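Working notes, structure below.
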Amino acid sequence: MEKRIVHIDLNAFFAQAECLRDPSLIDKPIAVGYDGRRGVVATASYPARKFGVNSGMPISMAKELCPSLIIVEGHYSLYKELSNRFFGYLKKRFPILEQASIDECYIDMTEETKGADIHSFLFDLQIALYKTTRLKCSIGCGNNRFLAKMGSDMKKPMGLTILNKDNIKELLWPLPIEKMYGIGKKTAPRLIGLGIKTIGDLAVTKSQEVQRLLGSLFDYYQGEANGWGDDVVDTSDFDPKSCSAERTFQEDVTGYEEVKAMIQTCCEDVSHELKKYNKLAQVVSIKLRDGSFSTRSRRKALLAPTNEASDLFFAAMSIFDSFYRGESLRLVGVTAEKVLDKEQVSEAKK
C-alpha cells in the first residue's frame with residue numbers, strides 16, 4: 001500500500017486569529033501588520049486578497065489597492081497559543097506528525113486510514129478541527145510530501161484535494177509553473193521564457209536549455225512534476241536553525257536613513273521569530289540586492305548570544321556601514337544564524 005501523506009495548512013492564520021479575538025472583523029478586509037511608514041503585510045484575510053493584498057506587500061500599497069482595508073497589529077502570543085491548541089489536537093490522534101511552521105504540518109496517515117475512504121476521513125477531520133479549535137484549514141493528500149503540499153494549496157479556504165498518479169495530469173499539470181512548490185520567483189520567469197509555462201510542460205520536457213537552467217535539480221523537479229517525491233515525515237520538534245527577514249523596496253533607494261529603517265524592521269521581525277521559538281543568535285548577516293539584481297552578503301559574530309532587536313540592529317548596521325557604498329538598493333535582508341536554545345545558553349553560564 002502506498003503511503004498517505006497529508007499536508008494541513010491553516011488558512012490566513014494570523015487573520016483568522018484576529019477574527020477570533022475580535023469577531024467584528026469577520027468577513028472584512030483586514031491585514032495583520034504595523035501601520036507605519038515602513039509597515040509590511042504579514043497576513044491578509046481572504047476578503048482583502050480579493051483586492052490583491054498579499055503577504056510581504058507594503059502597507060501603503062495594500063491601502064491603495066483596498067481603501068477599506070483594516071490594519072491590525074499582530075498579537076503573536078495569541079497565535080502561538082492557537083497553534084499549540086490546533087497541532088496539539090492533531091498530535092493526539094496522529095503520532096507521525098511533522099510541524100513545518102506555526103501554521104502547517106505534514107502527517108503520515110497511512111496506518112490510520114487503512115480501509116477508509118480517504119476523502120471522507122479527511123473531510124471529517126477538517127470539520128472536527130474547526131469545531132474543536134474554530135480554525136479553518138486546507139488539506140492536501142498524496143503519496144508524498146510534494147503532492148500533499150500542492151494539494152493543500154489548490155483550494156482555499158477549507159479546501160480538500162487528493163492528488164495521485166492517476167489524476168495529476170488533470171489536476172496538477174495544468175497549473176502555472178510559478179505555482180509549483182520549490183520553483184522560485186526568479187526561476188519561474190526564466191522557465192516561462194524557455195516555453196515551460198505549466199507544471200505539465202516541465203513534467204515532459206527534454207529541453208537541454210531547461211536542464212542547464214535547473215542544473216542538478218532538473219531530475220528532482222521533473223520527478224516531482226510526475227508525482228514522485230519524498231514520503232518521510234520527520235516527527236522531531238520544529239527547530240529552526242536560523243531566522244531571517246527581508247524586504248523589497250517599492251522603488252530602488254539610495255537614502256541611508258530609508259535603508260536603515262528597513263534594516264531595523266527586519267531586525268524586529270527576526271527578534272520576534274527568535275523569541276517565538278525561545279532561541280538566541282550567535283551570528284548576524286545582512287543581504288543587499290542592488291538594482292541590477294546583484295546580491296552581496298556579510299556576516300558578523302555577536303559578542304554574546306541574543307534575541308533582542310536592538311542588539312541585532314547594532315550588529316547589522318555595523319556590517320552595513322562596513323560595505324555599503326551608496327549604490328541603489330532594491331532589497332535588504334537580515335538573518336540570525338547559529339541559533340541556540342535559550343536554556344542551552346543558560347546552562348552553559350552556570
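Just so we're on the same page: first chain in the C-alpha cells is A, next is B, and so on; residues restart at 1 for each chain, and ligands are numbered from 1 in the order they show up.
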Would you mind listing what lies within 10 Å of Leu171 (chain A) as a short mmCIF file (atom, residue, chain, number, x, y, z; two decimals) with N, CA, C and O atoms, in the first residue's frame, with only C-alpha atoms counted and same-chain residues fewer than 6 positions away left out?
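Just written: out-v9.cif:
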```
data_model
loop_
_atom_site.label_atom_id
_atom_site.label_comp_id
_atom_site.auth_asym_id
_atom_site.auth_seq_id
_atom_site.Cartn_x
_atom_site.Cartn_y
_atom_site.Cartn_z
N GLY A 151 -1.54 19.85 -3.01
CA GLY A 151 -2.97 19.66 -2.82
C GLY A 151 -3.57 20.65 -1.85
O GLY A 151 -4.66 21.19 -2.08
N MET A 154 -4.36 24.10 -3.40
CA MET A 154 -5.23 24.20 -4.57
C MET A 154 -6.57 24.87 -4.29
O MET A 154 -7.11 25.57 -5.14
N THR A 161 -8.00 18.43 -1.27
CA THR A 161 -7.60 17.90 -2.58
C THR A 161 -6.71 16.68 -2.39
O THR A 161 -5.76 16.72 -1.62
N ILE A 162 -7.04 15.62 -3.10
CA ILE A 162 -6.25 14.40 -3.07
C ILE A 162 -5.59 14.23 -4.43
O ILE A 162 -6.26 14.18 -5.46
N LEU A 163 -4.27 14.17 -4.43
CA LEU A 163 -3.52 14.02 -5.67
C LEU A 163 -2.85 12.65 -5.71
O LEU A 163 -2.34 12.18 -4.69
N ASN A 164 -2.87 12.04 -6.87
CA ASN A 164 -2.18 10.77 -7.05
C ASN A 164 -1.77 10.64 -8.52
O ASN A 164 -2.08 11.52 -9.34
N GLY A 200 2.92 20.71 -16.17
CA GLY A 200 2.92 19.63 -17.16
C GLY A 200 4.02 19.78 -18.19
O GLY A 200 4.62 18.79 -18.62
#
```
Give me, as CSV, each residue of region 40-132 of chain A that comes within 7 Å of region 2-15 of chain A, together with its shortest interatomic pair and the distance in Å at one decimal, counting only C-alpha atoms, with rows ordered by chain and rising residue number.
```
residue,atom,partner,partner_atom,distance
A:Thr43,CA,A:Phe14,CA,6.1
A:Ala44,CA,A:Ala15,CA,6.2
A:Ser45,CA,A:Ala15,CA,5.4
A:Tyr79,CA,A:Phe14,CA,6.6
A:Asp103,CA,A:Leu10,CA,5.2
A:Glu104,CA,A:Asp9,CA,4.4
A:Cys105,CA,A:Ile8,CA,5.5
A:Tyr106,CA,A:His7,CA,4.5
A:Ile107,CA,A:Val6,CA,5.1
A:Asp108,CA,A:Ile5,CA,4.7
A:Met109,CA,A:Arg4,CA,5.5
A:Thr110,CA,A:Arg4,CA,4.8
```
Please indicate the distance in Å from CA of Gly291 (chain A) to CA of Gly182 (chain A), rounded to one decimal place. 24.6 Å
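Residue nearest Cys19 (chain A) within the list A:Ala100, A:Ala42, A:Met317, A:Ile70: A:Ile70 [criterion: smallest interatomic distance, only C-alpha atoms].
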Would you mind listing, for every residue of region 228-264 of chain A within 7 Å of region 329-340 of chain A, the two atoms forming the shortest contact and the distance between them in Å to one decimal, using only C-alpha atoms, sorted by chain and ascending residue number, as JSON lines?
```
{"residue": "A:Lys241", "atom": "CA", "partner": "A:Val339", "partner_atom": "CA", "distance": 5.9}
{"residue": "A:Ser242", "atom": "CA", "partner": "A:Glu337", "partner_atom": "CA", "distance": 4.8}
{"residue": "A:Cys243", "atom": "CA", "partner": "A:Ala336", "partner_atom": "CA", "distance": 5.2}
{"residue": "A:Ser244", "atom": "CA", "partner": "A:Thr335", "partner_atom": "CA", "distance": 4.1}
{"residue": "A:Ala245", "atom": "CA", "partner": "A:Val334", "partner_atom": "CA", "distance": 5.5}
{"residue": "A:Glu246", "atom": "CA", "partner": "A:Gly333", "partner_atom": "CA", "distance": 3.8}
{"residue": "A:Arg247", "atom": "CA", "partner": "A:Leu331", "partner_atom": "CA", "distance": 5.6}
{"residue": "A:Thr248", "atom": "CA", "partner": "A:Leu331", "partner_atom": "CA", "distance": 4.3}
{"residue": "A:Phe249", "atom": "CA", "partner": "A:Arg330", "partner_atom": "CA", "distance": 5.3}
{"residue": "A:Glu251", "atom": "CA", "partner": "A:Arg330", "partner_atom": "CA", "distance": 6.6}
{"residue": "A:Asp252", "atom": "CA", "partner": "A:Arg330", "partner_atom": "CA", "distance": 4.6}
{"residue": "A:Val253", "atom": "CA", "partner": "A:Leu329", "partner_atom": "CA", "distance": 5.2}
{"residue": "A:Thr254", "atom": "CA", "partner": "A:Leu329", "partner_atom": "CA", "distance": 6.3}
{"residue": "A:Ile263", "atom": "CA", "partner": "A:Val332", "partner_atom": "CA", "distance": 6.7}
```
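CA of Thr235 (chain A) is positioned 5.3 Å from CA of Leu97 (chain A).
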Any idea what the distance is between CA of Phe320 (chain A) and CA of Ala301 (chain A)? 14.0 Å
